[in-house]
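To be precise, the following lines are model.cif, and they hold mmCIF, C-alpha atoms, pLDDT in the B column; chains and numbers go by the auth columns.
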data_work
#
loop_
_atom_site.group_PDB
_atom_site.id
_atom_site.type_symbol
_atom_site.label_atom_id
_atom_site.label_comp_id
_atom_site.label_asym_id
_atom_site.label_seq_id
_atom_site.Cartn_x
_atom_site.Cartn_y
_atom_site.Cartn_z
_atom_site.B_iso_or_equiv
_atom_site.auth_seq_id
_atom_site.auth_asym_id
ATOM 1 C CA MET A 1 131.314 113.556 139.542 75.00 1 B
ATOM 2 C CA GLY A 2 133.606 114.709 136.724 89.00 2 B
ATOM 3 C CA LEU A 3 132.555 116.235 133.434 94.00 3 B
ATOM 4 C CA THR A 4 132.621 114.470 130.074 96.00 4 B
ATOM 5 C CA ILE A 5 134.498 116.414 127.405 97.00 5 B
ATOM 6 C CA GLY A 6 134.567 115.895 123.652 96.00 6 B
ATOM 7 C CA LEU A 7 137.957 116.925 122.251 97.00 7 B
ATOM 8 C CA THR A 8 138.295 117.444 118.507 96.00 8 B
ATOM 9 C CA GLY A 9 140.225 119.253 115.817 94.00 9 B
ATOM 10 C CA GLY A 10 141.257 118.759 112.214 90.00 10 B
ATOM 11 C CA ILE A 11 144.306 116.790 111.135 89.00 11 B
ATOM 12 C CA GLY A 12 147.475 118.613 112.207 91.00 12 B
ATOM 13 C CA SER A 13 145.643 120.834 114.705 93.00 13 B
ATOM 14 C CA GLY A 14 147.638 119.650 117.718 94.00 14 B
ATOM 15 C CA LYS A 15 144.697 117.794 119.244 94.00 15 B
ATOM 16 C CA SER A 16 146.831 114.815 120.304 93.00 16 B
ATOM 17 C CA THR A 17 149.268 117.132 122.079 96.00 17 B
ATOM 18 C CA VAL A 18 146.361 118.742 123.940 97.00 18 B
ATOM 19 C CA ALA A 19 145.093 115.281 124.897 97.00 19 B
ATOM 20 C CA ARG A 20 148.467 114.446 126.471 97.00 20 B
ATOM 21 C CA ILE A 21 148.426 117.736 128.404 98.00 21 B
ATOM 22 C CA LEU A 22 144.936 116.984 129.710 98.00 22 B
ATOM 23 C CA VAL A 23 146.038 113.543 130.893 97.00 23 B
ATOM 24 C CA GLY A 24 148.895 115.236 132.728 97.00 24 B
ATOM 25 C CA LEU A 25 146.358 117.486 134.437 97.00 25 B
ATOM 26 C CA GLY A 26 144.373 114.476 135.641 96.00 26 B
ATOM 27 C CA ALA A 27 141.882 113.678 132.876 97.00 27 B
ATOM 28 C CA HIS A 28 140.885 110.132 131.974 98.00 28 B
ATOM 29 C CA LEU A 29 141.417 109.829 128.208 98.00 29 B
ATOM 30 C CA VAL A 30 139.303 107.760 125.850 97.00 30 B
ATOM 31 C CA ASP A 31 141.213 107.839 122.546 96.00 31 B
ATOM 32 C CA MET A 32 138.776 106.940 119.786 94.00 32 B
ATOM 33 C CA ASP A 33 141.468 106.738 117.108 92.00 33 B
ATOM 34 C CA ALA A 34 143.568 104.371 119.235 94.00 34 B
ATOM 35 C CA ILE A 35 140.490 102.200 119.784 96.00 35 B
ATOM 36 C CA SER A 36 139.825 102.118 116.039 94.00 36 B
ATOM 37 C CA LYS A 37 143.422 101.133 115.327 94.00 37 B
ATOM 38 C CA SER A 38 143.316 98.356 117.920 96.00 38 B
ATOM 39 C CA LEU A 39 140.184 96.931 116.297 96.00 39 B
ATOM 40 C CA THR A 40 141.926 96.835 112.900 96.00 40 B
ATOM 41 C CA ALA A 41 145.278 95.542 114.218 96.00 41 B
ATOM 42 C CA PRO A 42 146.260 91.852 113.950 95.00 42 B
ATOM 43 C CA GLY A 43 143.688 89.881 115.909 93.00 43 B
ATOM 44 C CA GLY A 44 141.490 92.969 116.311 95.00 44 B
ATOM 45 C CA GLY A 45 137.767 92.648 116.765 95.00 45 B
ATOM 46 C CA ALA A 46 136.924 94.055 113.315 96.00 46 B
ATOM 47 C CA ILE A 47 139.375 92.032 111.202 96.00 47 B
ATOM 48 C CA ASP A 48 137.118 89.076 110.403 95.00 48 B
ATOM 49 C CA ALA A 49 134.228 91.330 109.378 95.00 49 B
ATOM 50 C CA ILE A 50 136.486 93.507 107.220 96.00 50 B
ATOM 51 C CA SER A 51 137.971 90.456 105.488 95.00 51 B
ATOM 52 C CA GLN A 52 134.549 88.942 104.851 95.00 52 B
ATOM 53 C CA HIS A 53 133.058 92.197 103.572 93.00 53 B
ATOM 54 C CA PHE A 54 135.912 93.672 101.540 94.00 54 B
ATOM 55 C CA GLY A 55 137.962 90.560 100.759 93.00 55 B
ATOM 56 C CA PRO A 56 141.262 89.195 102.098 93.00 56 B
ATOM 57 C CA GLN A 57 143.237 91.611 99.893 94.00 57 B
ATOM 58 C CA LEU A 58 142.361 94.361 102.412 93.00 58 B
ATOM 59 C CA ILE A 59 144.231 92.462 105.145 95.00 59 B
ATOM 60 C CA ASP A 60 148.029 92.767 105.061 95.00 60 B
ATOM 61 C CA ALA A 61 150.673 90.112 105.733 94.00 61 B
ATOM 62 C CA SER A 62 150.683 90.856 109.479 96.00 62 B
ATOM 63 C CA GLY A 63 146.947 90.244 109.772 95.00 63 B
ATOM 64 C CA ALA A 64 146.031 93.934 110.153 96.00 64 B
ATOM 65 C CA MET A 65 143.742 95.940 107.924 96.00 65 B
ATOM 66 C CA ASP A 66 145.806 97.407 105.101 95.00 66 B
ATOM 67 C CA ARG A 67 145.246 101.051 105.947 91.00 67 B
ATOM 68 C CA THR A 68 146.745 102.380 102.701 89.00 68 B
ATOM 69 C CA LYS A 69 144.513 100.203 100.513 93.00 69 B
ATOM 70 C CA MET A 70 141.468 100.945 102.636 92.00 70 B
ATOM 71 C CA ARG A 71 142.175 104.681 102.504 86.00 71 B
ATOM 72 C CA GLU A 72 142.424 104.543 98.720 88.00 72 B
ATOM 73 C CA LEU A 73 139.211 102.533 98.478 91.00 73 B
ATOM 74 C CA ALA A 74 137.333 104.852 100.837 85.00 74 B
ATOM 75 C CA PHE A 75 138.413 107.969 98.926 81.00 75 B
ATOM 76 C CA ALA A 76 137.374 106.396 95.624 85.00 76 B
ATOM 77 C CA ASP A 77 134.087 104.904 96.838 88.00 77 B
ATOM 78 C CA PRO A 78 131.990 106.712 99.474 84.00 78 B
ATOM 79 C CA MET A 79 129.840 103.597 99.827 91.00 79 B
ATOM 80 C CA ALA A 80 132.901 101.611 100.912 91.00 80 B
ATOM 81 C CA LEU A 81 133.617 104.203 103.593 88.00 81 B
ATOM 82 C CA ALA A 82 130.033 103.971 104.854 89.00 82 B
ATOM 83 C CA GLN A 83 130.306 100.169 104.947 93.00 83 B
ATOM 84 C CA LEU A 84 133.577 100.319 106.894 93.00 84 B
ATOM 85 C CA GLU A 85 132.031 102.758 109.360 89.00 85 B
ATOM 86 C CA GLY A 86 129.070 100.399 109.730 92.00 86 B
ATOM 87 C CA ILE A 87 131.491 97.696 110.856 94.00 87 B
ATOM 88 C CA LEU A 88 133.699 99.856 113.058 93.00 88 B
ATOM 89 C CA HIS A 89 131.403 102.353 114.752 90.00 89 B
ATOM 90 C CA PRO A 90 129.370 99.929 116.916 92.00 90 B
ATOM 91 C CA LEU A 91 132.579 98.191 118.031 94.00 91 B
ATOM 92 C CA ILE A 92 134.288 101.517 118.768 93.00 92 B
ATOM 93 C CA ALA A 93 131.282 102.671 120.823 91.00 93 B
ATOM 94 C CA GLN A 94 131.394 99.502 122.934 94.00 94 B
ATOM 95 C CA GLU A 95 135.127 99.847 123.559 95.00 95 B
ATOM 96 C CA ALA A 96 134.799 103.574 124.347 95.00 96 B
ATOM 97 C CA ASP A 97 132.141 102.906 126.977 93.00 97 B
ATOM 98 C CA ALA A 98 134.366 100.229 128.535 96.00 98 B
ATOM 99 C CA HIS A 99 137.358 102.621 128.618 96.00 99 B
ATOM 100 C CA ALA A 100 135.246 105.418 130.110 96.00 100 B
ATOM 101 C CA GLY A 101 134.053 103.043 132.806 95.00 101 B
ATOM 102 C CA LEU A 102 137.618 102.835 134.132 96.00 102 B
ATOM 103 C CA ALA A 103 137.626 106.505 135.176 96.00 103 B
ATOM 104 C CA LEU A 104 137.570 107.490 138.836 95.00 104 B
ATOM 105 C CA PRO A 105 134.278 109.070 139.965 91.00 105 B
ATOM 106 C CA SER A 106 135.850 112.528 140.286 90.00 106 B
ATOM 107 C CA GLN A 107 137.830 112.453 137.017 95.00 107 B
ATOM 108 C CA HIS A 108 136.934 114.443 133.934 96.00 108 B
ATOM 109 C CA ILE A 109 136.578 112.024 131.020 97.00 109 B
ATOM 110 C CA VAL A 110 138.007 113.347 127.745 97.00 110 B
ATOM 111 C CA TYR A 111 136.895 111.650 124.553 97.00 111 B
ATOM 112 C CA ASP A 112 139.495 112.353 121.852 96.00 112 B
ATOM 113 C CA VAL A 113 137.327 112.220 118.710 94.00 113 B
ATOM 114 C CA PRO A 114 138.927 113.182 115.379 89.00 114 B
ATOM 115 C CA LEU A 115 135.570 113.211 113.547 87.00 115 B
ATOM 116 C CA LEU A 116 133.327 114.541 116.309 93.00 116 B
ATOM 117 C CA ALA A 117 131.835 117.229 114.058 91.00 117 B
ATOM 118 C CA GLU A 118 130.889 114.602 111.490 87.00 118 B
ATOM 119 C CA SER A 119 128.727 112.837 114.100 87.00 119 B
ATOM 120 C CA ALA A 120 127.863 115.919 116.127 87.00 120 B
ATOM 121 C CA ARG A 121 124.330 114.889 117.042 87.00 121 B
ATOM 122 C CA ILE A 122 125.572 111.778 118.836 88.00 122 B
ATOM 123 C CA TRP A 123 128.361 113.588 120.683 92.00 123 B
ATOM 124 C CA ARG A 124 126.347 116.653 121.622 90.00 124 B
ATOM 125 C CA ASN A 125 124.090 114.329 123.628 91.00 125 B
ATOM 126 C CA LYS A 126 126.976 112.294 125.056 92.00 126 B
ATOM 127 C CA VAL A 127 129.296 114.985 126.472 95.00 127 B
ATOM 128 C CA ASP A 128 128.953 118.000 128.758 95.00 128 B
ATOM 129 C CA ARG A 129 131.442 120.181 126.868 95.00 129 B
ATOM 130 C CA ILE A 130 133.089 120.231 123.428 96.00 130 B
ATOM 131 C CA LEU A 131 136.660 121.533 123.150 97.00 131 B
ATOM 132 C CA VAL A 132 137.865 122.384 119.639 97.00 132 B
ATOM 133 C CA ILE A 133 141.545 122.821 118.805 97.00 133 B
ATOM 134 C CA ASP A 134 141.464 125.323 115.970 96.00 134 B
ATOM 135 C CA THR A 135 144.168 125.949 113.371 94.00 135 B
ATOM 136 C CA GLU A 136 144.530 127.636 109.983 93.00 136 B
ATOM 137 C CA PRO A 137 144.315 125.091 107.119 91.00 137 B
ATOM 138 C CA GLU A 138 147.754 126.077 105.797 92.00 138 B
ATOM 139 C CA THR A 139 149.246 125.384 109.225 93.00 139 B
ATOM 140 C CA GLN A 140 147.553 121.980 109.290 91.00 140 B
ATOM 141 C CA ILE A 141 149.012 121.095 105.893 92.00 141 B
ATOM 142 C CA ALA A 142 152.520 122.217 106.855 92.00 142 B
ATOM 143 C CA ARG A 143 152.459 120.247 110.130 92.00 143 B
ATOM 144 C CA VAL A 144 151.229 117.030 108.521 92.00 144 B
ATOM 145 C CA MET A 145 153.758 117.279 105.687 92.00 145 B
ATOM 146 C CA ILE A 146 156.560 117.529 108.267 90.00 146 B
ATOM 147 C CA ARG A 147 155.110 114.858 110.540 88.00 147 B
ATOM 148 C CA SER A 148 154.096 112.222 108.015 86.00 148 B
ATOM 149 C CA GLY A 149 155.900 113.067 104.794 87.00 149 B
ATOM 150 C CA TRP A 150 152.591 112.951 102.898 88.00 150 B
ATOM 151 C CA PRO A 151 152.391 115.043 99.720 90.00 151 B
ATOM 152 C CA ARG A 152 150.288 118.174 99.915 92.00 152 B
ATOM 153 C CA GLU A 153 147.625 116.724 97.606 89.00 153 B
ATOM 154 C CA ALA A 154 147.002 113.755 99.916 86.00 154 B
ATOM 155 C CA ILE A 155 146.561 116.043 102.929 89.00 155 B
ATOM 156 C CA GLU A 156 144.198 118.312 101.012 89.00 156 B
ATOM 157 C CA LYS A 157 142.055 115.250 100.193 84.00 157 B
ATOM 158 C CA VAL A 158 141.860 114.403 103.898 85.00 158 B
ATOM 159 C CA LEU A 159 140.916 117.992 104.782 88.00 159 B
ATOM 160 C CA ALA A 160 138.220 117.970 102.100 85.00 160 B
ATOM 161 C CA LYS A 161 136.666 114.873 103.699 81.00 161 B
ATOM 162 C CA GLN A 162 136.686 116.366 107.206 85.00 162 B
ATOM 163 C CA ALA A 163 134.180 118.854 108.548 88.00 163 B
ATOM 164 C CA SER A 164 135.009 122.473 107.828 89.00 164 B
ATOM 165 C CA ARG A 165 136.777 124.668 110.322 91.00 165 B
ATOM 166 C CA GLU A 166 133.617 126.757 110.635 93.00 166 B
ATOM 167 C CA THR A 167 131.491 123.693 111.419 93.00 167 B
ATOM 168 C CA ARG A 168 133.818 122.605 114.229 93.00 168 B
ATOM 169 C CA ARG A 169 133.978 126.095 115.710 95.00 169 B
ATOM 170 C CA ALA A 170 130.180 126.365 115.700 95.00 170 B
ATOM 171 C CA LEU A 171 129.951 123.236 117.875 94.00 171 B
ATOM 172 C CA ALA A 172 132.494 124.356 120.451 95.00 172 B
ATOM 173 C CA ASP A 173 131.876 125.282 124.054 95.00 173 B
ATOM 174 C CA HIS A 174 135.597 126.117 124.273 96.00 174 B
ATOM 175 C CA ILE A 175 138.079 126.886 121.483 97.00 175 B
ATOM 176 C CA ILE A 176 141.871 126.885 121.739 97.00 176 B
ATOM 177 C CA LEU A 177 143.529 128.588 118.767 96.00 177 B
ATOM 178 C CA ASN A 178 146.746 126.613 118.316 96.00 178 B
ATOM 179 C CA GLU A 179 148.388 129.051 115.955 95.00 179 B
ATOM 180 C CA GLY A 180 151.907 130.338 116.585 92.00 180 B
ATOM 181 C CA LEU A 181 151.955 129.011 120.161 94.00 181 B
ATOM 182 C CA THR A 182 154.967 127.477 121.837 95.00 182 B
ATOM 183 C CA LEU A 183 154.368 124.197 123.667 95.00 183 B
ATOM 184 C CA GLN A 184 154.442 126.072 126.979 97.00 184 B
ATOM 185 C CA GLU A 185 151.915 128.635 125.722 97.00 185 B
ATOM 186 C CA LEU A 186 149.651 125.814 124.525 97.00 186 B
ATOM 187 C CA HIS A 187 150.009 124.171 127.938 97.00 187 B
ATOM 188 C CA THR A 188 148.914 127.425 129.585 97.00 188 B
ATOM 189 C CA GLU A 189 145.856 127.680 127.312 97.00 189 B
ATOM 190 C CA VAL A 190 144.860 124.110 128.188 97.00 190 B
ATOM 191 C CA GLU A 191 145.371 124.776 131.914 97.00 191 B
ATOM 192 C CA ASN A 192 143.098 127.827 131.690 96.00 192 B
ATOM 193 C CA THR A 193 140.365 125.700 130.108 96.00 193 B
ATOM 194 C CA TRP A 194 140.911 123.013 132.742 96.00 194 B
ATOM 195 C CA ARG A 195 140.312 125.580 135.475 94.00 195 B
ATOM 196 C CA LEU A 196 137.076 126.657 133.785 90.00 196 B
ATOM 197 C CA TRP A 197 135.897 123.052 133.743 91.00 197 B
ATOM 198 C CA ASN A 198 136.735 122.594 137.415 90.00 198 B
ATOM 199 C CA ASN A 199 134.849 125.746 138.334 84.00 199 B
ATOM 200 C CA ALA A 200 131.864 124.575 136.294 66.00 200 B
ATOM 201 C CA ASN A 201 132.018 121.174 137.913 61.00 201 B
ATOM 202 C CA ASP A 202 131.936 122.759 141.366 56.00 202 B
ATOM 203 C CA ARG A 203 128.600 124.339 140.443 49.00 203 B
ATOM 204 C CA VAL A 204 127.036 121.116 139.166 47.00 204 B
#
Rewrite the structure of this file - the entire thing - as structure tokens.
Amino acid sequence: MGLTIGLTGGIGSGKSTVARILVGLGAHLVDMDAISKSLTAPGGGAIDAISQHFGPQLIDASGAMDRTKMRELAFADPMALAQLEGILHPLIAQEADAHAGLALPSQHIVYDVPLLAESARIWRNKVDRILVIDTEPETQIARVMIRSGWPREAIEKVLAKQASRETRRALADHIILNEGLTLQELHTEVENTWRLWNNANDRV
């Protein structure tokens, strides 16, 4: 039986790249962010509840949750964020379990969880290992500015809402420092961790 791995890292850490490498090595990926986006897409399972709770102005012309408006509301009103999470989290958990159930018996299941540290108690009991992709905050900011075109101030607000670097590192069973690495060097680091997992799995 494969291991269950919680994969996390702050915005701009390179976590999504690591997730793709792990899939290439044979992991079964459960992408929590993709599940969340599907639930808030047109026709998604959370749309009716979001519209009823926050009003139709939070649903855009396509029928999806207006992510920009919701982000602004959540930053301005912590209660709104808690209410949105109350809608989404049970639905995300159901979908995640269904996705995980598609794995082969021998596959490692990797849960890609952007906010794992923020709900650490749940995930510590759910997974066998936690892998943290670690990066300097300035590197995170530079990567996101290039990738998304967001202004620095917007990225700093996101970082301020996420768990600290120290908190994530304290949770980790394995840490990959994605700082100054080429893609090939990052691939090698991930492969080394993969071998550790396989050796550990042999002993289970």
Could you give me, as JSON lines, a per-residue list for segment 44-124 of chain B showing, wherever an atom lies at most 10 Å from an atom of segment 153-167 of chain B, the closest pair of atoms and their distance in Å to one decimal, using only C-alpha atoms and sorting by chain then residue number from low to high?
{"residue": "B:Arg71", "atom": "CA", "partner": "B:Val158", "partner_atom": "CA", "distance": 9.8}
{"residue": "B:Phe75", "atom": "CA", "partner": "B:Lys157", "partner_atom": "CA", "distance": 8.2}
{"residue": "B:Pro114", "atom": "CA", "partner": "B:Gln162", "partner_atom": "CA", "distance": 9.1}
{"residue": "B:Leu115", "atom": "CA", "partner": "B:Gln162", "partner_atom": "CA", "distance": 7.2}
{"residue": "B:Leu116", "atom": "CA", "partner": "B:Ala163", "partner_atom": "CA", "distance": 8.9}
{"residue": "B:Ala117", "atom": "CA", "partner": "B:Ala163", "partner_atom": "CA", "distance": 6.2}
{"residue": "B:Glu118", "atom": "CA", "partner": "B:Ala163", "partner_atom": "CA", "distance": 6.1}
{"residue": "B:Ser119", "atom": "CA", "partner": "B:Ala163", "partner_atom": "CA", "distance": 9.8}
{"residue": "B:Ala120", "atom": "CA", "partner": "B:Thr167", "partner_atom": "CA", "distance": 9.8}
Run through the PyMOL selection byres ((chain B and resi 12) around 9) on the given coordinates and return the selected residues as a list in words.
-> Gly9, Gly10, Ile11, Ser13, Gly14, Lys15, Ser16, Thr135, Pro137, Thr139, Gln140, Ile141, Ala142, Arg143, Val144 and Arg147 of chain B
I'd like the residues picked by the PyMOL selection byres ((chain B and resi 60) around 12) written out as a compact mmCIF listing (two decimals) with C-alpha atoms, in the frame of the given file, using the chain letters and numbers from the file.
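Final output, saved to result-v8.txt:
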# COMPACT_ATOMS: atom_id res chain seq x y z
CA THR B 40 141.93 96.84 112.90
CA ALA B 41 145.28 95.54 114.22
CA PRO B 42 146.26 91.85 113.95
CA ILE B 47 139.38 92.03 111.20
CA ILE B 50 136.49 93.51 107.22
CA SER B 51 137.97 90.46 105.49
CA GLY B 55 137.96 90.56 100.76
CA PRO B 56 141.26 89.20 102.10
CA GLN B 57 143.24 91.61 99.89
CA LEU B 58 142.36 94.36 102.41
CA ILE B 59 144.23 92.46 105.14
CA ALA B 61 150.67 90.11 105.73
CA SER B 62 150.68 90.86 109.48
CA GLY B 63 146.95 90.24 109.77
CA ALA B 64 146.03 93.93 110.15
CA MET B 65 143.74 95.94 107.92
CA ASP B 66 145.81 97.41 105.10
CA ARG B 67 145.25 101.05 105.95
CA THR B 68 146.74 102.38 102.70
CA LYS B 69 144.51 100.20 100.51
CA MET B 70 141.47 100.94 102.64
Would you mind reading off the distance between atom CA of Trp197 of chain B and atom CA of Leu183 of chain B, one decimal, in Å?
->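 If I compute the distance from atom CA of Trp197 of chain B to atom CA of Leu183 of chain B, I get 21.1 Å.
What separates atom CA of Asp31 of chain B from atom CA of Thr193 of chain B is a distance of 19.4 Å.
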Counting only C-alpha atoms, closest pick from B:His174, B:Glu179, B:Thr8, B:Leu3 relative to Asp33 of chain B is B:Thr8
Work out how far apart atom CA of Leu102 of chain B and atom CA of Asp173 of chain B are and give it in Å to one decimal.
-> 25.3 Å
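Once the PyMOL selection byres ((chain B and resi 103) around 12) is applied to the shown structure, the selection contains Met1, Gly2, Leu3, Thr4, Val23, Gly26, Ala27, His28, Leu29, Val30, Ala96, Asp97, Ala98, His99, Ala100, Gly101, Leu102, Leu104, Pro105, Ser106, Gln107, His108, Ile109, Val110 and Tyr111 of chain B.
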4 Å per side around segment 80-95 of chain B: axis-aligned box centre and edge lengths, as AutoDock Vina command-line options:
--center_x 132.1 --center_y 100.9 --center_z 112.2 --size_x 14.1 --size_y 14.5 --size_z 30.6
Would you please work out which residue, of B:Ser36, B:Ala93, B:Leu181, B:Phe54, is nearest to Leu81 of chain B when using all atoms listed in the file?
->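 For Leu81 of chain B, the nearest of the candidates is B:Phe54.
Summary of the local environment: counting all atoms listed in the file, residues at most 8 Å from Leu39 of chain B, other than itself and those fewer than 4 positions away along its chain, are Ile35, Gly43, Gly44, Gly45, Ala46, Ile47, Leu88, Leu91 and Ile92 of chain B.
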